[in-house]
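J.: Next up is a structure, given as C-alpha cells.
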Amino acid sequence: MYGLGLAKGLVVTFKNLVMPSRMVAIQYPDRKVGLLGLAKETGTNPLALLFKEPGQALKAMAGMATVSERLPQHARFRGEEFTWYEQRCTGCASCAKYCPLGIIEIVTSESGEQVQEGQKYNIDVFDIDIGRCMFCGLCVEACPYDALHMGSGFEEGTYRRADLVINKERLMKAPKRPSTWFRPQLAAAHFDPHKAKEGQDVEWSDAGRHEQPTLEEQEDKWAKR
Amino acid sequence: MPIKTEPVTINLGPQHPSTHGVFRLRVTFDGEMVLDAEPIVGYLHRGTEKLAEERNYVQIVTLTDRLDYVSAMTNNLAYVRTVERLGNIDVPERAKYLRVISAELNRIASHLIATGFLLDELGAFHTPLVYCFREREHILEMFEMLCGARITVSYMRPGGVLQDAPEDFWPRLDDFVKTMPGYIDELEGLITENEIVLARTRDVGIITAEQAIAGSITGPVLRSTGVQWDLRKAEPHEVYDRVDFDIPIGSVGDTYDRYLVRVLEMRQSVRIIKQCVEQIAPGPVRTAGPFVIRPPVGDAYDCTESPKGELGFYIVSDGGISPYRMHIRAPSFINLTLLREMLVGWKIADLVVIFGSIDIVLGEVDR
Amino acid sequence: MEATVLKAGFDFTGIYGFFDDLLPESLDWLAYVIAAVILGAVLLNAIIISTALYTWFERRVLGRFQSRMGPNRWGPFGLFQPLADLIKLMTKEDTIPEGADRPVFTLAPIVFLVPALLVFSVLPFHSSSFIGKLNVGLIFIIAITSVNTLGVFMAGWASRNKYAMLGAMRGVAMLISYEVPMGLAVVGIALGAGTLSLSGVVLAQNIPFILVMPLGFIVFITAASAEMSRTPFDIIEADSELGAGYNTEYSGIKFALLQLNEFMAPLIVAALVTTLFLSGWRGWGPVPGPIWFVIKSFVIVLLLLWVRATWPRLRVDQIMGFAWKGLFPLAIINIFAMAVEFQVLRDDTTGALTTGDLWIMAAANWIITIVSLAVIANVLGQRKLRRPEPVPSQLANMYADRPAPESATQLSGEVD
Amino acid sequence: MSVSLVGAQVAEKINSKMAGVAIDFNETEVWVEPQNLVRVGKFLRDDEEIDLQMLNSISAVDYVEYFELVYHFRSLRRNSTFVLKARCYGREDLKVPSLVGVWLGADLQEREIWDLMGIKFTDHPNLKRILLWEGFPGHPLRKDFIR
C-alpha cells in the first residue's frame, strides 16, 4: 500500500527503459545507422570508410545513413507471389476448384496427346488474382502434382488493382523460390526461400512430393496391361 | 429551485478509441453517471453462417479463423472437433498434443491483449499494452513456424493438424516456456498492486454468480464471480485430462477479479504447454482421408474453452459436401447480455473499463 | 537581502544602456521599449523552440519506455520531427465545426498560450535576471496559471461537441480544485524564504527547499501535474474515454497552439519546481548558473515523463476527493509546521533564517511528512484494497460426473 | 466428460409432470410443442434432479417444411448437457414464446434468430434486429432468401 505498488510500476518501466534487450523494435524498410554501425554493416573499418565514400560517412555521422533491415521470416511463411512449375502442371484445375474464393482462373485446351494416359493439357490462361486472395494455401494443399507452391515474399503492393492479377508469363519468369509450406520435401532439403541466393532456385524436378517414376515403371504399369 | 438538468445521449460509436473494434453503445448520461446503455452491433457482420452453407468442410476452416481473430487456433479447434464428432473421424495422438499446445499459446496471446487493452483504457498511456504486444510477438512467430501465417492460421483440419511442427519450433517453444513466467511477473508488478488500478477496478462492474449463470456468461467473466467452471476440466477433450492444471477464480466478480483471473490463467497455460512438450511423442499428425468430407446425415454440437468463453459449433449435415446449417455459439456475443446491468450507475471512465474487462472481439460478436 | 551583483555582459541594463546612449535624451522611453521588445523576442523564441525540442525529446523517451524507437526518420535522430509536425499542422485545413461559437473557438488557443509564456518571464534563470526580481513573483505565477482553466472551458464549450463539453466540464472542476493545494504549497515557500520575489526565494535557499519542506514538494508537484492535466490526472483529454477531450474539434494551426501549450506545461512545472524547491540557478563548481537551472529542470522533466509513461488515470470523483481530502490537509499541515518553525527559529532582529535553522526545520518537517502521509493514506481508504479469499461457489462442480482429482482446488498461480 | 441426459428419462419425467407435452425423443433430445416451451423450460430449470441452470445456446434451422429451434442446456452443478427441440410449421409470421423470463441469456440470441431467421418471439423485452439494420428486407439465413 502507500504507493508501493505505484513505485513497483515505475521500477518495471525503468527496467524496460534501460535494458538494451528490451529494445525490440525492428525498423522495417531501413535502419538508421551511425558511423560505427555503417562500418560494421559494410565490413570496413570506420576510418577507411571516411576516405572511401566521404558522403556516406558524413551522413552516417549525422545518424542519417540507412541500412536495409528485415523481419526474420520462417521458411514456412505463406508468401504472396505464388511459385508455379508449368512442367509439373497438368491443367487439372483442382486448385481452382478448391479455392474458397474462386479466384484462380485456368483455361486449358487439347494438347493432342492421349489425355487418358495422364498426359497434360495445354494451359492457355492461368491467372491468380492475389488482390482478392487470402493466402490460405488450400490451392497448394489441393494440387496433386505439387505444381503450385506458396511464395515467400509479402511486398506485392501495386498502384493498380489490375496489376495484382498474376498471369502465366509472370509465373513462368519469376524466380522459383517456393515457401516450404505443406511441402515436406522442401523442408527436408532444408531449403529456405529467404536465404536462397541467385542461382539456388528449386528445379521443377525436385519440387515434387512423390519420387518421379522412371519410364520403365510407367510403361509396365500402364502399357503392359 | 432545483437545477434543471437533462440527460445527454451519446454514441460511443463504432469509431471510438476503446471499443475493441466496431461496437456501438448508445449511452444516456446524467452528467458523468450512466443511466442507460444499449449495445448496437452488426457493423462487422459478414454472414459467416450463410457462407458456411456454400463451402466444403475444409474451406470453412479458413472462415473460422476470422471469427475471433485474436484466437484463431481455438476457433479452428472448436470447429474441427465438431466435424470430427459429426463424421466420427479419429485424431492421432501427436495431433492432439499439437492442437493443445497451439490452443494454449493462443489463450496466452488473447489474454495478453485483454490485459494490455484494459490497462490502456485505464489510461496508462499504452506502455503496458506495448509490453503485452511484445510478448505476443513471440507467440505469433511460433504460429508462423507452425502454419506459415501469424493470425489467419487455418492450421487444423478435420482429422488432425495440417502439418507437423518444424524442428526449430521446439527449442523456440522451450525458450518461450522458460521466459514467459518472468514476463508475467513483470506485467503483474506493473499492475496488480498498483494503487490507481486498485482504486479504479476494485468493486467496479460487479456481477454475481447467479446473474452470470442466468445470463449464460462463460469464460473468465464467469470464473471471476467465483464459479469454478472451465470446459477443459468439465469436458476434457484432446489431452486436457492428461495434463495437470488449475482453474483460477475471482472472489467478488468485479473488474479487478476478471483481470486477475486472466493473468493466473496465462500462468496455467504455460504450465500446460510445458507438460505437453514433455509428453508429446513422434507419430502421424493427420488421419488419411479424402479432401472433401461427406459426414453422415445428422447434427452435432461440440464446444471448447476459448479465451473468451465457451465457443461451440452446431452443425447439421444432410450428407452433402457442405453443412446444411452451421450455428456458432459465440462467447463474446452472449457475454454482452449483462452489459446493461453492469454499466448502469457507473461513470464514463468506469463504463470504458467494465466494457474492456468483458473482453469481446467484434469478429465473434457479429460473425 | 538582495545580492546585487551587477555583472557586465549581456543583461537587461546592458541593452537599455546601449540604446540609451544612442538615442537623444527625450527618447529614453524608446530605448526602454526596444530593450523590452528584444528581450521579449529572445525569451519567446527560446521557449517555443525549447518546447518544439521537448516534443521530440518526449516522444523519443516515451518510445524508449515502450521498447520502440520514437521518431528518427526526419533529420539526424529525428530532430526535424517537430518542424515536420509544425509544417503539417500549418498546411492542414483549419476547420471550425458548424454551429460552433466562432469567436470563442478561435480565441481559446490564445487564452491557453499567453499565461504559459508569461510564467516563463518571471522565472529567474540567472542571478542578474531583471524580471526575476519582480517582488510579487509567487502570487503572479499562481494567478497566471489559473487562467488556462478559462481556456479549457472556452475550447470545450465553443467546439459544440458532446465529448469536448464533457472534457471541459471535468477540466474546470479539476483545475479549480487543484489551484487550492498549489497555492497553499506556495505559501509554505513564502514563509520559508521570507520574500515573495522568485529570485529572493532562490537566494534564500541555502538548503534546497525540497529537503526543508518535503510535504510542500509532494503537494506542489502533484497539484502542478494535475494543473497541466498530465497522468495520473489527464482526465481533460482522456483519450480512452473522450477521444481527445477539449481539443477534439481543433485542427490546423489552432491545434498546433494547443499542442504547444500541452507540451510547454511540463517545462513550466519543471522550471517552477527548480526555482521553488531545488534552488534555481545556485550550484557549485565551474558550471554557470543557467546551466544548473537547465540540468535541474531536465531531471524534473524526466521524472514527469517517467510517471506519464507508467501510471494509469484516476477517475474524476477520485481526483476531486484526492484534491480536497488528500492534498488540502497536507498543504495546511505543511503551512502550520513551517509557521511554527519560522516563529520559533528566526532571530528577533533581522528575522532571517540561518542555514543551521534550515537544517532543524528540515529534520522536523521530514518527520511530519512521513506521519501525515501515513495518516492521510489510511484515512483515504487503504482498507478497501484488501481482497477476500476466492471461494469456489456451490453453483458449479466440474467433477460431478467423476471423482475429483486431488489437486483440484489449488488456486494460487505458482507454476511448478 | 459431460453426461448428456437420456432423452427417454427426461421425456418421461416431463410427461409425468405435464401430460403429453414431450411429443418425441431420441437418445439425447426431446421434442416439444413450441407453445409450451416456457412451461418445460421452467420445469427443467427448477427440477432438483435435472437442474439445467444455463441455457447454453439457441440455434434455428430452416428445414423448408418447418423451422426447428434447438435449445442446448447445461447443468453446471451436475456437469450434464441436454438438447430440447421445437418444430414450428409454416413460413410466415411464426410465433414462439420467448424464454427470456426463464433464462436471461436467451435475450440476445432470440433477437439474432428473429433478425436472421424471421421467427418472432412473443413477450421478448425488446425484439429488434440485432445484427442487420432496421430496414433490411427479409431474413438472410432462410433457405429461400435470394437477394
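Convention: chains lettered A, B, ... in C-alpha cells order; per-chain residue numbering from 1; ligands numbered from 1 as shown.
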List every residue of chain D that has an atom at most 6 Å from any atom of chain C, and for each one report the closest atom pair and its distance in Å to one decimal, counting only C-alpha atoms, with rows sorted by chain and then by increasing residue number, as JSON lines.

T.:
```
{"residue": "D:Leu76", "atom": "CA", "partner": "C:Ala396", "partner_atom": "CA", "distance": 4.5}
{"residue": "D:Arg77", "atom": "CA", "partner": "C:Ala396", "partner_atom": "CA", "distance": 4.3}
{"residue": "D:Arg78", "atom": "CA", "partner": "C:Ala400", "partner_atom": "CA", "distance": 5.2}
{"residue": "D:Asn79", "atom": "CA", "partner": "C:Ala400", "partner_atom": "CA", "distance": 5.7}
```

J.: Please write the residues from the selection above to a file, keeping all heavy atoms, as an mmCIF file, in the first residue's frame.

T.:
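Resulting contents of part.cif:
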```cif
data_model
loop_
_atom_site.group_PDB
_atom_site.id
_atom_site.type_symbol
_atom_site.label_atom_id
_atom_site.label_comp_id
_atom_site.auth_asym_id
_atom_site.auth_seq_id
_atom_site.Cartn_x
_atom_site.Cartn_y
_atom_site.Cartn_z
ATOM 1 N N LEU D 76 -24.420 -26.868 -14.553
ATOM 2 C CA LEU D 76 -23.044 -26.756 -14.045
ATOM 3 C C LEU D 76 -22.885 -27.629 -12.804
ATOM 4 O O LEU D 76 -21.839 -28.205 -12.561
ATOM 5 C CB LEU D 76 -22.739 -25.288 -13.701
ATOM 6 C CG LEU D 76 -22.986 -24.274 -14.830
ATOM 7 C CD1 LEU D 76 -22.601 -22.876 -14.372
ATOM 8 C CD2 LEU D 76 -22.198 -24.647 -16.064
ATOM 9 N N ARG D 77 -23.977 -27.720 -12.017
ATOM 10 C CA ARG D 77 -23.823 -28.496 -10.769
ATOM 11 C C ARG D 77 -23.625 -29.969 -11.090
ATOM 12 O O ARG D 77 -22.735 -30.626 -10.582
ATOM 13 C CB ARG D 77 -25.091 -28.313 -9.923
ATOM 14 C CG ARG D 77 -24.898 -27.467 -8.664
ATOM 15 C CD ARG D 77 -26.089 -27.641 -7.769
ATOM 16 N NE ARG D 77 -27.271 -26.958 -8.310
ATOM 17 C CZ ARG D 77 -27.620 -25.716 -7.946
ATOM 18 N NH1 ARG D 77 -26.886 -25.065 -7.064
ATOM 19 N NH2 ARG D 77 -28.687 -25.137 -8.453
ATOM 20 N N ARG D 78 -24.402 -30.467 -12.056
ATOM 21 C CA ARG D 78 -24.318 -31.918 -12.345
ATOM 22 C C ARG D 78 -23.435 -32.187 -13.548
ATOM 23 O O ARG D 78 -23.277 -33.344 -13.955
ATOM 24 C CB ARG D 78 -25.731 -32.448 -12.642
ATOM 25 C CG ARG D 78 -26.535 -32.496 -11.353
ATOM 26 C CD ARG D 78 -27.869 -33.045 -11.449
ATOM 27 N NE ARG D 78 -28.549 -33.100 -10.170
ATOM 28 C CZ ARG D 78 -28.539 -32.153 -9.240
ATOM 29 N NH1 ARG D 78 -27.870 -31.047 -9.438
ATOM 30 N NH2 ARG D 78 -29.179 -32.294 -8.098
ATOM 31 N N ASN D 79 -22.845 -31.144 -14.095
ATOM 32 C CA ASN D 79 -21.984 -31.287 -15.278
ATOM 33 C C ASN D 79 -22.682 -32.150 -16.322
ATOM 34 O O ASN D 79 -22.160 -33.149 -16.809
ATOM 35 C CB ASN D 79 -20.644 -31.963 -14.869
ATOM 36 C CG ASN D 79 -19.649 -31.873 -16.025
ATOM 37 O OD1 ASN D 79 -19.997 -31.386 -17.103
ATOM 38 N ND2 ASN D 79 -18.458 -32.351 -15.795
#
```

J.: For Trp31 (chain D), list every protein, DNA or RNA residue within 7 Å, evaluated using only C-alpha atoms, and leave out those in the same chain fewer than 4 positions away; present the list as an MDAnalysis selection string.

T.: chainID D and resid 22:25 84:86

J.: Give the answer as one residue: which of C:Leu107, C:Met169, C:Ala193, C:Ala35 has the shortest atom-to-atom distance to chain B, using only C-alpha atoms?

T.: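 Going through C:Leu107, C:Met169, C:Ala193, C:Ala35 one by one, the smallest distance to chain B is for C:Met169.
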
J.: Please report as a PyMOL selection string which residues of chain D come no farther than 10 Å from chain B, using only C-alpha atoms.

T.: chain D and resi 1-3+53-63+70+72-77+79-80+83+100+102-109+112+116+129-133+140-143

J.: What are the residues of chain A lining chain C at 6 Å or less? Count only C-alpha atoms, and put the answer as a PDB file with N, CA, C and O atoms, in the first residue's frame.

T.:
```pdb
ATOM      1  N   LEU A  17      13.195   0.744 -19.789  1.00  0.00           N
ATOM      2  CA  LEU A  17      13.865   1.863 -20.454  1.00  0.00           C
ATOM      3  C   LEU A  17      15.344   1.564 -20.604  1.00  0.00           C
ATOM      4  O   LEU A  17      15.961   1.831 -21.621  1.00  0.00           O
ATOM      5  N   ARG A  22      15.494  -5.073 -24.176  1.00  0.00           N
ATOM      6  CA  ARG A  22      14.058  -4.816 -24.346  1.00  0.00           C
ATOM      7  C   ARG A  22      13.795  -3.976 -25.584  1.00  0.00           C
ATOM      8  O   ARG A  22      12.655  -3.706 -25.909  1.00  0.00           O
ATOM      9  N   MET A  23      14.871  -3.487 -26.254  1.00  0.00           N
ATOM     10  CA  MET A  23      14.646  -2.647 -27.447  1.00  0.00           C
ATOM     11  C   MET A  23      14.386  -3.610 -28.612  1.00  0.00           C
ATOM     12  O   MET A  23      15.335  -4.089 -29.227  1.00  0.00           O
ATOM     13  N   ALA A  25      12.272  -3.060 -31.262  1.00  0.00           N
ATOM     14  CA  ALA A  25      11.655  -2.511 -32.482  1.00  0.00           C
ATOM     15  C   ALA A  25      12.550  -2.797 -33.684  1.00  0.00           C
ATOM     16  O   ALA A  25      13.765  -2.586 -33.606  1.00  0.00           O
ATOM     17  N   ALA A  62      25.886  11.931 -39.034  1.00  0.00           N
ATOM     18  CA  ALA A  62      24.677  12.647 -38.597  1.00  0.00           C
ATOM     19  C   ALA A  62      23.573  11.644 -38.265  1.00  0.00           C
ATOM     20  O   ALA A  62      22.433  12.030 -38.016  1.00  0.00           O
ATOM     21  N   GLY A  63      23.884  10.385 -38.314  1.00  0.00           N
ATOM     22  CA  GLY A  63      22.883   9.374 -37.963  1.00  0.00           C
ATOM     23  C   GLY A  63      21.827   9.224 -39.021  1.00  0.00           C
ATOM     24  O   GLY A  63      20.700   8.816 -38.763  1.00  0.00           O
ATOM     25  N   MET A  64      22.177   9.586 -40.275  1.00  0.00           N
ATOM     26  CA  MET A  64      21.134   9.546 -41.317  1.00  0.00           C
ATOM     27  C   MET A  64      21.354   8.383 -42.281  1.00  0.00           C
ATOM     28  O   MET A  64      20.523   8.114 -43.121  1.00  0.00           O
TER      29      MET A  64
END
```
